[in-house]
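Novice: Let me give you the structure first, and then I'll get to my questions.
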Amino acid sequence: MSLYLYNTLTRKKEEFKPLEGNEVRIYSCGPTVYSFAHIGNFRAYVFMDTLRRVLKKNGYTIKHVMNITDVGHLESDADEGEDKMIKAAKKENKDPYEIAAYYTDIFFKDMVKLNIERPEIIAKATEHIKEMLEFVKKLIENGYAYETSKAIYFDISKLDKYPVLSNRNLEEQIAGARVEVDPEKRNPYDFAVWIKAPENHIMKWDSPWGLSYPGWHLECSAMSRKYLGEYFDIHTGGVDHIPTHHENEIAQSKGYSGHIPAKTWMHVEFLQVDGGKMGKSLGNVYTLDEIKEKGIEPLAYRLFNFSAHYRTKLNFTFEIALSTQKALNRLREGYLTHVNGNENVEEEIIKEYKNRFMEAINDDLNMPLAVGVMWEVVRNSKKSKQFAELLLDFDEVLGLDLVNSEKYIEDQTNIELPDEILELVENRKKAREEKNWSESDRIRDILKEKGYQVKDSKDGMTIEKI
Ligand code: AMP
Ligand code: ZN
């Protein structure tokens with residue numbers, strides 16, 4: 001079955017075939033490790049992981065590089081503002097390397113919680129200064145970069161076409177004065193590939209242009225080239241990378257070797273919260289731990305990501321995420337029911353489900369459709385081990401760790417209840433003994449508001465986290 005992927009570069013869904021043999025070479029723009037990654041960032045990495053899993057399901061092997069930006073990402077994606085790492089270091093009164101190590105560690109722990117496979121190669125920007133310097137020198141040699149008092153700039157007028165990835169109109173933007181023109185720059189949209197460090201700048205390296213540091217876009221061009229070569233299969237990132245970061249990566253690679261480095265460019269749309277942008281000032285930038293505190297497991301967040309296609313915006317609300325958590329619990333129960341079932345299912349039926357699942361994932365990762373097929377299997381009235389196996393087969397792509405369903409269900413029933421909840425439970429027991437049903441219902445509602453569901457049966461009362 002053919003696999004189709006949408007390519008931002010050609011604005012088309014294209015049939016995917018690796019450039020060489022059976023191996024797919026992928027580069028993903030990774031995190032800037034100056035702070036905790038938030039659930040919006042993780043939408044990008046769940047997407048990246050889903051792509052890997054879909055490619056593997058199609059029989060390909062993967063060589064995947066993800067970078068860690070630990071220097072050079074300025075506050076704006078263009079060349080303005082302070083380096084995010086240095087700003088965080090000053091704020092937390094720590095060394096930028098300490099900041100990077102701390103947040104990188106948490107990032108990878110969160111990746112494990114989301115069952116995101118670790119890319120084969122993790123490349124830290126600060127460990128590739130040599131390759132970046134070599135890249136800058138080549139750009140200058142090839143006539144694509146020039147020195148000013150502030151930086152080495154890329155000369156976009158040397159390209160046959162800029163931009164190629166986005167369809168922004170530079171002339172209109174310049175007329176709208178969105179870019180402050182530096183008189184030393186040859187063209188307003190020339191961007192810094194290598195930046196001269198001001199006096200007290202913390203992260204800087206020796207170079208032919210004095211103490212200086214790399215530009216963010218250069219990092220990805222130099223590292224992708226080092227590990228994946230001049231031309232590789234897929235480059236991924238968020239939609240925010242289209243107009244500047246990836247556009248400039250393409251420009252640099254064209255300046256270096258004359259062509260666009262990746263064949264397919266894939267971009268994931270943004271996660272929104274409560275129908276709007278996420279923002280620190282809005283107080284709606286959540287980490288995985290924060291949503292966990294409200295009863296949403298990382299794997300429920302993973303499942304939540306499949307509720308929209310990766311090229312459409314996805315709206316996070318606690319209400320929807322909590323219902324996804326419940327759905328995940330039902331999925332685990334449904335899987336176990338099949339595990340314990342003994343009915344026989346015709347191979348044709350299994351094959352048909354498999355086909356429909358593959359068709360969905362191979363249609364540019366249509367995960368909402370694939371998840372729909374999964375639910376049909378879960379809900380099938382025949383209870384069969386063959387269906388349990390089929391669900392595990394789907395889970396190679398979904399990554400919901402269904403094989404451990406029993407453990408998750410046990411963990412949920414053995415939860416330690418906070419004192420406040422224990423007290424409410426005791427009061428409710430008392431009310432029921434006194435046959436004070438209205439008080440019992442009132443306490444049940446309070447518990448529900450606090451994220452706990454009580455169930456009454458003839459054997460007594462059970463309580464679960466919603
Ligand atoms: P950063 O660490 O800021 O470089 O961002 C890491 C990744 O998260 C990039 O691929 C961004 O495109 C992506 N990203 C940032 N915010 C969101 C969001 N709200 N939804 C989806 N992806 C995002
Ligand atoms: Zn990048």
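Residues are referred to by chain and number: the chain letter is A, B, ... according to the order shown in the structure tokens, the number counts from 1 in that chain, and ligands are numbered separately from 1 in the order shown.
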Find the spatial neighbours of region 107-110 of chain A, counting only C-alpha atoms, within a cut-off of 8 Å - ignore same-chain residues fewer than 4 positions away - and output them as a list in words.

Specialist: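 My list of contacting residues is Phe36, Ala37, Tyr103, Leu114 and Leu288 of chain A.
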
Novice: Find the residues around region 219-234 of chain A up to 7 Å (only C-alpha atoms counted), leave out those fewer than 6 positions away in its own chain, and share them as a list of chain:residue names.

Specialist: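 Selected residues are A:Pro18, A:Leu19, A:Val24, A:Arg25, A:Ile26, A:Tyr27, A:Ala125, A:Glu131, A:Met132, A:Phe135, A:Glu249, A:Gln252, A:Ser253, A:Pro261, A:Ala262, A:Lys263, A:Thr264, A:Trp265.
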
Novice: Each residue of region 362-464 of chain A with at least one atom at most 8 Å from region 50-70 of chain A should appear once, together with its nearest atom pair and the corresponding distance in Å (one decimal); atoms considered: only C-alpha atoms; ordering: chain, then increasing residue number; output as a tab-separated table.

Specialist:
residue	atom	partner	partner_atom	distance
A:Asn362	CA	A:Val54	CA	7.4
A:Leu365	CA	A:Leu51	CA	7.3
A:Glu396	CA	A:Arg53	CA	6.9
A:Val397	CA	A:Arg53	CA	5.1
A:Leu398	CA	A:Thr50	CA	7.2

Novice: Based on the selection just made, write all heavy atoms of those residues as an mmCIF file, in the first residue's frame.

Specialist:
data_model
loop_
_atom_site.group_PDB
_atom_site.id
_atom_site.type_symbol
_atom_site.label_atom_id
_atom_site.label_comp_id
_atom_site.auth_asym_id
_atom_site.auth_seq_id
_atom_site.Cartn_x
_atom_site.Cartn_y
_atom_site.Cartn_z
ATOM 1 N N ASN A 362 -1.739 5.792 6.291
ATOM 2 C CA ASN A 362 -0.959 6.073 5.079
ATOM 3 C C ASN A 362 -1.513 7.254 4.290
ATOM 4 O O ASN A 362 -0.912 7.692 3.316
ATOM 5 C CB ASN A 362 -0.882 4.830 4.191
ATOM 6 C CG ASN A 362 0.193 3.879 4.693
ATOM 7 O OD1 ASN A 362 0.830 4.141 5.708
ATOM 8 N ND2 ASN A 362 0.395 2.786 3.991
ATOM 9 N N LEU A 365 -1.071 10.387 7.589
ATOM 10 C CA LEU A 365 -1.229 10.233 9.042
ATOM 11 C C LEU A 365 -2.624 10.679 9.511
ATOM 12 O O LEU A 365 -2.743 11.564 10.366
ATOM 13 C CB LEU A 365 -0.172 11.061 9.784
ATOM 14 C CG LEU A 365 1.220 10.506 10.009
ATOM 15 C CD1 LEU A 365 1.859 9.925 8.759
ATOM 16 C CD2 LEU A 365 2.150 11.549 10.596
ATOM 17 N N GLU A 396 1.351 -0.466 17.785
ATOM 18 C CA GLU A 396 2.724 -0.169 17.345
ATOM 19 C C GLU A 396 2.768 1.242 16.764
ATOM 20 O O GLU A 396 3.795 1.903 16.788
ATOM 21 C CB GLU A 396 3.168 -1.178 16.277
ATOM 22 C CG GLU A 396 3.493 -2.532 16.867
ATOM 23 C CD GLU A 396 3.753 -3.566 15.793
ATOM 24 O OE1 GLU A 396 4.032 -3.211 14.628
ATOM 25 O OE2 GLU A 396 3.662 -4.764 16.131
ATOM 26 N N VAL A 397 1.644 1.705 16.236
ATOM 27 C CA VAL A 397 1.577 3.070 15.693
ATOM 28 C C VAL A 397 1.017 4.039 16.748
ATOM 29 O O VAL A 397 1.513 5.140 16.926
ATOM 30 C CB VAL A 397 0.695 3.111 14.422
ATOM 31 C CG1 VAL A 397 0.509 4.539 13.940
ATOM 32 C CG2 VAL A 397 1.318 2.258 13.333
ATOM 33 N N LEU A 398 -0.004 3.589 17.472
ATOM 34 C CA LEU A 398 -0.655 4.500 18.420
ATOM 35 C C LEU A 398 0.219 4.777 19.648
ATOM 36 O O LEU A 398 0.163 5.862 20.225
ATOM 37 C CB LEU A 398 -2.001 3.923 18.866
ATOM 38 C CG LEU A 398 -3.008 3.662 17.739
ATOM 39 C CD1 LEU A 398 -4.218 2.909 18.258
ATOM 40 C CD2 LEU A 398 -3.449 4.970 17.101
#

Novice: Looking at A:Ile291, A:Leu314, A:Ile242, A:Leu74, which one is nearest to His38 (chain A), with distances taken over only C-alpha atoms?

Specialist: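 Of all the options, A:Ile291 lies closest to His38 (chain A).
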
Novice: Tell me, in Å to one decimal, how far CA of Phe42 (chain A) is from CA of Met1 (chain A).

Specialist: 29.5 Å

Novice: Considering only C-alpha atoms and all ligand atoms, state which residue in the set A:Phe306, A:Trp194, A:Trp216, A:Phe270 is at the smallest distance from ligand 1.

Specialist: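 Checking each of A:Phe306, A:Trp194, A:Trp216, A:Phe270 against ligand 1, counting only C-alpha atoms and all ligand atoms, the winner is A:Phe270.
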
Novice: May I ask you to write as a short mmCIF file (atom, residue, chain, number, x, y, z; two decimals) with N, CA and C atoms, in the first residue's frame all residues lying at most 6 Å from ligand 1, with only C-alpha atoms and all ligand atoms counted?

Specialist:
data_model
loop_
_atom_site.label_atom_id
_atom_site.label_comp_id
_atom_site.auth_asym_id
_atom_site.auth_seq_id
_atom_site.Cartn_x
_atom_site.Cartn_y
_atom_site.Cartn_z
N CYS A 29 13.38 19.40 14.18
CA CYS A 29 13.84 20.48 15.03
C CYS A 29 13.38 20.19 16.45
N GLY A 30 14.35 20.15 17.34
CA GLY A 30 14.07 19.77 18.73
C GLY A 30 13.88 20.98 19.63
N PRO A 31 13.89 20.74 20.93
CA PRO A 31 13.56 21.81 21.86
C PRO A 31 14.71 22.79 22.11
N THR A 32 14.35 24.00 22.48
CA THR A 32 15.33 24.94 23.02
C THR A 32 15.21 24.77 24.53
N GLY A 40 1.99 22.08 24.26
CA GLY A 40 2.01 22.52 22.85
C GLY A 40 3.25 21.96 22.17
N ASN A 41 4.42 22.13 22.83
CA ASN A 41 5.65 21.57 22.26
C ASN A 41 5.49 20.07 22.04
N ARG A 43 2.94 18.43 21.33
CA ARG A 43 2.15 18.05 20.15
C ARG A 43 3.13 17.82 18.98
N ALA A 44 4.16 18.68 18.90
CA ALA A 44 5.13 18.54 17.81
C ALA A 44 5.89 17.21 17.91
N GLY A 237 8.92 19.93 11.78
CA GLY A 237 8.91 21.03 12.74
C GLY A 237 7.48 21.52 12.92
N GLY A 238 7.34 22.60 13.69
CA GLY A 238 6.02 23.19 13.88
C GLY A 238 5.75 24.22 12.78
N VAL A 239 4.49 24.61 12.60
CA VAL A 239 4.17 25.58 11.54
C VAL A 239 4.89 26.91 11.75
N ASP A 240 5.25 27.20 13.00
CA ASP A 240 5.98 28.45 13.27
C ASP A 240 7.36 28.45 12.62
N HIS A 241 7.87 27.27 12.24
CA HIS A 241 9.19 27.21 11.61
C HIS A 241 9.15 27.55 10.12
N GLU A 269 0.53 21.68 13.01
CA GLU A 269 -0.19 22.89 13.43
C GLU A 269 -0.12 23.06 14.95
N PHE A 270 -0.51 24.21 15.42
CA PHE A 270 -0.39 24.51 16.84
C PHE A 270 -1.52 23.92 17.69
N LEU A 271 -1.16 23.67 18.92
CA LEU A 271 -2.14 23.32 19.94
C LEU A 271 -2.62 24.64 20.53
N GLN A 272 -3.93 24.74 20.70
CA GLN A 272 -4.47 25.93 21.37
C GLN A 272 -5.04 25.50 22.71
#

Novice: Taking into account only C-alpha atoms, which residue in the set A:Thr8, A:Asn380, A:Thr324, A:Ser405 is nearest to Leu336 (chain A)?

Specialist: A:Ser405
